[in-house]
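S.K.: Pasting a structure here, questions to come.
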Amino acid sequence: MLQPLGARVLVKRLEAEEMSTGGIILPEAAQERPREGKVVAVGAGRFDDEGNRVAMSVKQDDVVIYASFGGTEIKIDGEDYLIIDEDDILAVRE
């Protein structure tokens, strides 16, 4: 697999909703871009001003919500992933 560096996170996007809340099936062009994903791997964390490593606030298998246009898209073995800075992660879904 791939190991992110620093305060970066490797995320596998969750699938976009194919049906609206009212039950209407949405064509692919009308579907919102997913902003939720499952954490596949995390970097070691960033360094603070004193040079101490700060632990990551997310861990593998967490489901996270991230900024709409955050991250870099990559493809590994035919699967789409994002590499996201920890700062672009808005919340962890429980």
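In the structure tokens, chains take letters A, B, ... by order of appearance, with residues numbered from 1 within each chain and ligands from 1 in the order shown.
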As a PyMOL selection string, please: the residues near range 75-82 of chain A (cut-off 9 Å, only C-alpha atoms, same-chain neighbours under 4 positions excluded).

M.R.: chain A and resi 1-2+9-13+37+70-71

S.K.: Hey, which of A:Glu94, A:Val54, A:Glu36, A:Val42 ends up closest to Tyr66 in chain A? Count only C-alpha atoms.

M.R.: A:Glu36

S.K.: At a cut-off of 12 Å, using only C-alpha atoms, what residues contact Leu5 in chain A? Leave out same-chain residues fewer than 3 positions from it and give the result as a PDB file with N, CA and C atoms, in the first residue's frame.

M.R.:
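File around.pdb, as written:
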```pdb
ATOM      1  N   LEU A   2       0.376   2.322   0.415  1.00  0.00           N
ATOM      2  CA  LEU A   2       1.058   3.611   0.381  1.00  0.00           C
ATOM      3  C   LEU A   2       1.079   4.197   1.787  1.00  0.00           C
ATOM      4  N   ARG A   8      -0.268  13.836   6.778  1.00  0.00           N
ATOM      5  CA  ARG A   8      -1.170  13.512   5.675  1.00  0.00           C
ATOM      6  C   ARG A   8      -1.876  12.187   5.949  1.00  0.00           C
ATOM      7  N   VAL A   9      -3.039  12.047   5.304  1.00  0.00           N
ATOM      8  CA  VAL A   9      -3.894  10.883   5.518  1.00  0.00           C
ATOM      9  C   VAL A   9      -4.304  10.321   4.164  1.00  0.00           C
ATOM     10  N   LEU A  10      -4.245   9.003   4.007  1.00  0.00           N
ATOM     11  CA  LEU A  10      -4.725   8.336   2.798  1.00  0.00           C
ATOM     12  C   LEU A  10      -6.160   7.905   3.051  1.00  0.00           C
ATOM     13  N   ALA A  41      -4.636   4.854   5.718  1.00  0.00           N
ATOM     14  CA  ALA A  41      -3.314   4.958   6.350  1.00  0.00           C
ATOM     15  C   ALA A  41      -3.097   6.398   6.804  1.00  0.00           C
ATOM     16  N   VAL A  42      -2.285   6.564   7.844  1.00  0.00           N
ATOM     17  CA  VAL A  42      -1.970   7.904   8.345  1.00  0.00           C
ATOM     18  C   VAL A  42      -0.456   8.077   8.433  1.00  0.00           C
ATOM     19  N   GLY A  43      -0.026   9.325   8.271  1.00  0.00           N
ATOM     20  CA  GLY A  43       1.382   9.651   8.433  1.00  0.00           C
ATOM     21  C   GLY A  43       1.747   9.681   9.916  1.00  0.00           C
ATOM     22  N   ALA A  44       3.018   9.948  10.189  1.00  0.00           N
ATOM     23  CA  ALA A  44       3.508   9.951  11.568  1.00  0.00           C
ATOM     24  C   ALA A  44       3.092  11.195  12.343  1.00  0.00           C
ATOM     25  N   GLY A  45       2.648  12.251  11.650  1.00  0.00           N
ATOM     26  CA  GLY A  45       2.245  13.486  12.321  1.00  0.00           C
ATOM     27  C   GLY A  45       3.205  14.620  12.025  1.00  0.00           C
ATOM     28  N   ARG A  46       2.817  15.819  12.441  1.00  0.00           N
ATOM     29  CA  ARG A  46       3.640  17.005  12.204  1.00  0.00           C
ATOM     30  C   ARG A  46       4.525  17.268  13.423  1.00  0.00           C
ATOM     31  N   PHE A  47       5.433  18.215  13.273  1.00  0.00           N
ATOM     32  CA  PHE A  47       6.287  18.637  14.377  1.00  0.00           C
ATOM     33  C   PHE A  47       5.798  19.979  14.910  1.00  0.00           C
ATOM     34  N   MET A  56      -1.269  12.169  15.267  1.00  0.00           N
ATOM     35  CA  MET A  56      -2.403  12.418  14.378  1.00  0.00           C
ATOM     36  C   MET A  56      -3.710  12.279  15.161  1.00  0.00           C
ATOM     37  N   ILE A  83      -5.085  11.766  -0.937  1.00  0.00           N
ATOM     38  CA  ILE A  83      -4.119  12.078   0.111  1.00  0.00           C
ATOM     39  C   ILE A  83      -4.501  13.465   0.608  1.00  0.00           C
ATOM     40  N   ILE A  84      -4.865  13.545   1.888  1.00  0.00           N
ATOM     41  CA  ILE A  84      -5.406  14.767   2.471  1.00  0.00           C
ATOM     42  C   ILE A  84      -4.528  15.222   3.622  1.00  0.00           C
ATOM     43  N   ASP A  85      -4.307  16.527   3.724  1.00  0.00           N
ATOM     44  CA  ASP A  85      -3.644  17.079   4.905  1.00  0.00           C
ATOM     45  C   ASP A  85      -4.588  16.924   6.090  1.00  0.00           C
ATOM     46  N   GLU A  86      -4.047  16.657   7.245  1.00  0.00           N
ATOM     47  CA  GLU A  86      -4.869  16.496   8.440  1.00  0.00           C
ATOM     48  C   GLU A  86      -5.747  17.735   8.673  1.00  0.00           C
TER      49      GLU A  86
END
```

S.K.: Hey, which of A:Asp62, A:Asp87, A:Ile74, A:Val92 ends up closest to Ala7 in chain A? Count only C-alpha atoms.

M.R.: A:Asp87
